[in-house]
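J.: I have a structure here, written as structure tokens, and I will follow up with some questions on it.
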Amino acid sequence: MNIKHFLQFNDFEKSEIEWIFNKSKIIKDKFKRYEKYWPLEDRTLVMIFEKASTRTRLSFESGMHQLGGSAIYLNTRDSQLGRGEPVEDAAQVISRMCDVVMIRTFEQDIIDRFAKNSRVPVINGLTNEYHPCQILADIFTFIEKRGSIQGKTVAWIGDSNNVCNTWLQAAELLDFNVHVSTPKGYEVEAERAGLYGDDNFEQFDDPMDAVKGADIVTTDVWTSMGFEAEQKERLKDFADWQVDEDMMKVANKDAMFMHCLPAHRGEEVTAEVIDGPQSVVWDEAENRLHVQKALLEYLLLGEQNGK
């Protein structure tokens, strides 16, 4: 059997991503109508967490239950993985006892090694390098409200982290543009981001230039998990990269503000923006649930259930 994993956004073809978006709409509509939909009845998801989580755990766990399956939570501190069991050995055992695995960890190498030794699909719930499920939700949110993202412009303001890297991969695959503005020393690293070209990517020194004409303005915390020791330095370095009302005025009139959450009001974004009329952060958060249900169905059943 040919196993499909979702470890980076570009692990999928454009047609596969579009199938997931179409299925997400159907699944969300059923959810809103309280319509039972159990395509994954008797299937089991194992969720392995090495990093803290709210949205990832809740969306995967409740999503799997809503599809008729079950979800098992494992924290590396409470398992043999936390005592030095090789990732390869854990993958061999865990994948014989479930149908799909989601992992939220640090280095991408960990999840890559797990997937190479897994007998079932593996999903990246977040690594230092990528956050593909988040960008699925973000783009689906845009499609819901504005239609196709092809040809549109996303302005990324702040740290070129895992979410930024994934936006860049998505732009290459789905043909939209990403304007990135970071402080000096925090620029995009093409190899780390998994970029194959720069046709859909442009770097700006001034964040105000990056947001001009943007359809989406998005950011993330200045200090990601694993970089807490740099917090004081980062607060100083990123001081001019706060998304505020003046910045949003430079973007398109109907531009959306996005943030993967959790957010620090008064740091990377002002309260007026994240709680304002252009913000769609709560829709993004909810849509994690729906796109991940579509993703789970696709990885386990393929397109056999149609659209």
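If you're wondering about the labels, chains in the structure tokens are A, B, ... by order shown, residues count from 1 in each chain, ligands from 1 in order shown.
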So which residues touch stretch 60-75 of chain A within 9 Å, counting only C-alpha atoms, skipping near sequence neighbours fewer than 6 positions away, as a list in words?
T.: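 Counting only the stated atoms, we get Phe31, Lys36, Tyr37, Trp38, Pro39, Leu40, Glu41, Asp42, Arg43, Thr44, Leu45, Val46, Met47, Ile48, Phe49, Glu50, Lys51, Leu81, Gly82, Met102, Arg288, Leu289, His290, Gln292, Lys293, Leu296 and Glu297 of chain A.
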J.: Using backbone DSSP assignments, extract all strand (DSSP E or B) residues from stretch 156-208 of chain A; output them as a list in words.
T.: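 For stretch 156-208 of chain A, the strand (DSSP E or B) set is Trp156, Ile157, Asn177, Val178, His179, Val180, Ser181, Phe201, Glu202, Gln203 and Phe204 of chain A.
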J.: Check the smallest atom-to-atom distance from each of A:Thr182, A:Ser24, A:Asn162, A:Asn177 to A:Ile149 using only C-alpha atoms, then report the winner.
T.: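 Checking each of A:Thr182, A:Ser24, A:Asn162, A:Asn177 against A:Ile149, counting only C-alpha atoms, the winner is A:Asn177.
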J.: Given only C-alpha atoms as the basis, pick out the residue of A:Trp156, A:Tyr186, A:Phe176, A:Phe106 nearest to A:Tyr130.
T.: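 Of the candidates, the smallest distance to A:Tyr130 is held by A:Phe106.
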J.: Using only C-alpha atoms, which protein or nucleic acid residues come within 8 Å of stretch 245-259 of chain A? Drop anything in the same chain fewer than 6 positions from it, and give the result as a list in words.
T.: Asp138, Met208, Val211, Lys212, Gly213, Ala214, Asp215, Ile216, Val217, Thr218, Thr219, Asp220, Thr270, Glu272, Val273, Ile274, Gln278, Ser279, Val280, Val281 and Glu284 of chain A
J.: Dump C-alpha atoms for the selected residues as an mmCIF file, in the first residue's frame?
T.:
data_model
loop_
_atom_site.group_PDB
_atom_site.id
_atom_site.type_symbol
_atom_site.label_atom_id
_atom_site.label_comp_id
_atom_site.auth_asym_id
_atom_site.auth_seq_id
_atom_site.Cartn_x
_atom_site.Cartn_y
_atom_site.Cartn_z
ATOM 1 C CA ASP A 138 -5.803 30.097 6.743
ATOM 2 C CA MET A 208 4.879 49.335 5.317
ATOM 3 C CA VAL A 211 1.678 45.473 3.128
ATOM 4 C CA LYS A 212 0.914 47.813 0.224
ATOM 5 C CA GLY A 213 -1.871 46.270 -1.816
ATOM 6 C CA ALA A 214 -2.005 43.127 0.334
ATOM 7 C CA ASP A 215 -5.161 41.013 0.546
ATOM 8 C CA ILE A 216 -4.013 39.332 3.764
ATOM 9 C CA VAL A 217 -1.811 40.807 6.489
ATOM 10 C CA THR A 218 -0.529 38.158 8.848
ATOM 11 C CA THR A 219 2.002 37.733 11.621
ATOM 12 C CA ASP A 220 2.935 35.524 14.555
ATOM 13 C CA THR A 270 -2.298 45.830 18.536
ATOM 14 C CA GLU A 272 -7.352 47.388 17.792
ATOM 15 C CA VAL A 273 -6.313 45.197 14.843
ATOM 16 C CA ILE A 274 -6.721 41.684 16.210
ATOM 17 C CA GLN A 278 -10.710 43.081 9.549
ATOM 18 C CA SER A 279 -9.561 40.299 11.855
ATOM 19 C CA VAL A 280 -10.571 36.714 11.025
ATOM 20 C CA VAL A 281 -8.496 34.973 13.694
ATOM 21 C CA GLU A 284 -9.028 30.607 11.285
#
J.: Between A:Cys98, A:Val269, A:Val188, A:Ile157, which one has atoms that come closest to A:Glu129, using only C-alpha atoms?
T.: A:Val188
J.: Considering only alpha helix (DSSP H) as DSSP defines it on the backbone, what residues of stretch 28-87 of chain A qualify? List them as an MDAnalysis selection string.
T.: chainID A and resid 28:32 55:66 87
J.: Would you mind exporting N, CA and C atoms of the selected residues as an mmCIF file, in the first residue's frame?
T.:
data_model
loop_
_atom_site.group_PDB
_atom_site.id
_atom_site.type_symbol
_atom_site.label_atom_id
_atom_site.label_comp_id
_atom_site.auth_asym_id
_atom_site.auth_seq_id
_atom_site.Cartn_x
_atom_site.Cartn_y
_atom_site.Cartn_z
ATOM 1 N N LYS A 28 -17.793 21.094 7.017
ATOM 2 C CA LYS A 28 -18.196 22.205 7.879
ATOM 3 C C LYS A 28 -19.707 22.410 7.811
ATOM 4 N N ASP A 29 -20.268 22.314 6.606
ATOM 5 C CA ASP A 29 -21.723 22.462 6.456
ATOM 6 C C ASP A 29 -22.460 21.393 7.259
ATOM 7 N N LYS A 30 -21.961 20.161 7.216
ATOM 8 C CA LYS A 30 -22.584 19.079 7.985
ATOM 9 C C LYS A 30 -22.477 19.355 9.484
ATOM 10 N N PHE A 31 -21.329 19.839 9.903
ATOM 11 C CA PHE A 31 -21.101 20.164 11.310
ATOM 12 C C PHE A 31 -22.093 21.222 11.793
ATOM 13 N N LYS A 32 -22.310 22.248 10.980
ATOM 14 C CA LYS A 32 -23.208 23.341 11.367
ATOM 15 C C LYS A 32 -24.658 22.871 11.427
ATOM 16 N N ARG A 55 -4.982 24.632 20.295
ATOM 17 C CA ARG A 55 -5.766 24.451 19.081
ATOM 18 C C ARG A 55 -5.462 23.131 18.369
ATOM 19 N N THR A 56 -4.190 22.733 18.326
ATOM 20 C CA THR A 56 -3.846 21.514 17.598
ATOM 21 C C THR A 56 -4.449 20.287 18.265
ATOM 22 N N ARG A 57 -4.300 20.187 19.586
ATOM 23 C CA ARG A 57 -4.868 19.025 20.259
ATOM 24 C C ARG A 57 -6.389 19.014 20.158
ATOM 25 N N LEU A 58 -7.011 20.138 20.466
ATOM 26 C CA LEU A 58 -8.466 20.189 20.479
ATOM 27 C C LEU A 58 -9.054 19.907 19.100
ATOM 28 N N SER A 59 -8.470 20.501 18.057
ATOM 29 C CA SER A 59 -9.027 20.333 16.714
ATOM 30 C C SER A 59 -8.847 18.912 16.196
ATOM 31 N N PHE A 60 -7.704 18.293 16.453
ATOM 32 C CA PHE A 60 -7.497 16.918 16.000
ATOM 33 C C PHE A 60 -8.313 15.925 16.825
ATOM 34 N N GLU A 61 -8.333 16.119 18.136
ATOM 35 C CA GLU A 61 -9.026 15.156 18.989
ATOM 36 C C GLU A 61 -10.541 15.211 18.769
ATOM 37 N N SER A 62 -11.099 16.410 18.811
ATOM 38 C CA SER A 62 -12.543 16.516 18.595
ATOM 39 C C SER A 62 -12.898 16.175 17.154
ATOM 40 N N GLY A 63 -12.019 16.545 16.217
ATOM 41 C CA GLY A 63 -12.282 16.238 14.811
ATOM 42 C C GLY A 63 -12.352 14.758 14.538
ATOM 43 N N MET A 64 -11.441 14.001 15.124
ATOM 44 C CA MET A 64 -11.448 12.555 14.916
ATOM 45 C C MET A 64 -12.701 11.930 15.511
ATOM 46 N N HIS A 65 -13.118 12.396 16.670
ATOM 47 C CA HIS A 65 -14.355 11.897 17.271
ATOM 48 C C HIS A 65 -15.562 12.226 16.394
ATOM 49 N N GLN A 66 -15.573 13.437 15.836
ATOM 50 C CA GLN A 66 -16.695 13.848 14.994
ATOM 51 C C GLN A 66 -16.769 13.052 13.695
ATOM 52 N N VAL A 87 13.316 7.175 17.723
ATOM 53 C CA VAL A 87 12.110 7.551 16.979
ATOM 54 C C VAL A 87 11.707 6.435 16.023
#
J.: When you count only C-alpha atoms, which of these residues is closest to A:Asp199: A:Thr54, A:Thr223, A:Gln169, A:Ser148?
T.: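 Ranked by minimum distance to A:Asp199, first place goes to A:Gln169.
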J.: Give me the residues near A:Ile17 as a PDB file with C-alpha atoms, in the first residue's frame, where near means some atom within 12 Å (using only C-alpha atoms) and where sequence neighbours in that chain fewer than 6 positions away do not count.
T.:
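Generated output (around.pdb):
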ATOM      1  CA  PHE A   6       1.525  15.418   5.161  1.00  0.00           C
ATOM      2  CA  PHE A   9       2.595  21.795   2.508  1.00  0.00           C
ATOM      3  CA  ASN A  10       4.257  20.846  -0.761  1.00  0.00           C
ATOM      4  CA  ASP A  11       3.945  17.130  -0.016  1.00  0.00           C
ATOM      5  CA  LYS A  23     -14.277  18.529   1.318  1.00  0.00           C
ATOM      6  CA  SER A  24     -13.717  20.974   4.182  1.00  0.00           C
ATOM      7  CA  PRO A 132       1.104  22.994   7.168  1.00  0.00           C
ATOM      8  CA  CYS A 133      -2.236  22.417   8.926  1.00  0.00           C
ATOM      9  CA  ILE A 135      -1.917  27.310   6.429  1.00  0.00           C
ATOM     10  CA  LEU A 136      -4.588  24.901   5.193  1.00  0.00           C
ATOM     11  CA  ALA A 137      -6.968  26.594   7.643  1.00  0.00           C
ATOM     12  CA  ILE A 139      -6.259  29.643   3.004  1.00  0.00           C
ATOM     13  CA  PHE A 140      -9.600  27.899   3.470  1.00  0.00           C
ATOM     14  CA  ALA A 170       1.726  27.310  -0.373  1.00  0.00           C
ATOM     15  CA  LEU A 173       1.867  25.539  -5.159  1.00  0.00           C
ATOM     16  CA  LEU A 174      -1.297  27.670  -5.417  1.00  0.00           C
ATOM     17  CA  VAL A 291      -9.682  21.242   7.227  1.00  0.00           C
ATOM     18  CA  GLN A 292      -8.010  18.662   9.455  1.00  0.00           C
ATOM     19  CA  ALA A 294     -10.909  16.646   5.523  1.00  0.00           C
ATOM     20  CA  LEU A 295      -7.178  15.904   5.687  1.00  0.00           C
ATOM     21  CA  TYR A 298      -8.180  12.044   2.526  1.00  0.00           C
ATOM     22  CA  LEU A 299      -5.155  10.313   4.056  1.00  0.00           C
ATOM     23  CA  GLU A 303     -11.027  10.521  -2.746  1.00  0.00           C
TER      24      GLU A 303
END
J.: Which residue gives the smallest distance to A:Val101 among A:Glu35, A:Ala171, A:Ile26, A:Lys4, with only C-alpha atoms counted?
T.: A:Lys4
J.: With only C-alpha atoms as the basis for distance, which of A:Asp275, A:Ala263, A:Ile143, A:Gly158 is at the shortest distance from A:Asn22?
T.: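 The closest residue to A:Asn22 is A:Ile143.
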J.: Would you pick out the contacts of A:Ser118 at 10 Å or less, using only C-alpha atoms, so that residues sharing its chain but fewer than 6 positions from it are not included, and give the list as a compact mmCIF listing (two decimals) with C-alpha atoms, in the first residue's frame?
T.:
# COMPACT_ATOMS: atom_id res chain seq x y z
CA ILE A 3 1.22 5.58 2.21
CA HIS A 5 2.11 11.68 4.58
CA GLU A 88 12.42 4.74 14.42
CA ASP A 89 11.48 2.09 17.00
CA ALA A 90 8.56 4.11 18.32
CA ALA A 91 7.25 4.57 14.78
CA GLN A 92 7.37 0.82 14.10
CA VAL A 93 5.34 0.06 17.23
CA ILE A 94 2.88 2.96 17.27
CA SER A 95 1.98 2.62 13.60
CA ARG A 96 1.00 -1.04 14.15
CA VAL A 100 -2.91 7.62 11.46
CA VAL A 101 -0.42 9.61 13.54
CA ASP A 112 10.71 12.76 8.85
J.: If you measure from atom CA of A:His179 to atom CA of A:Ala210, what distance in Å do you get, rounded to one decimal?
T.: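 These two atoms are separated by 5.3 Å.
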J.: Work out how far apart atom CA of A:Phe238 and atom CA of A:Asn200 are and give it in Å to one decimal.
T.: 24.4 Å
J.: Just the residues within 8 Å of A:Glu267, please, counting only C-alpha atoms, with nothing from its chain fewer than 5 positions along; format it as a list in words.
T.: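 The residues that qualify are Val221, Trp222, Leu235, Ala239 and Gln242 of chain A.
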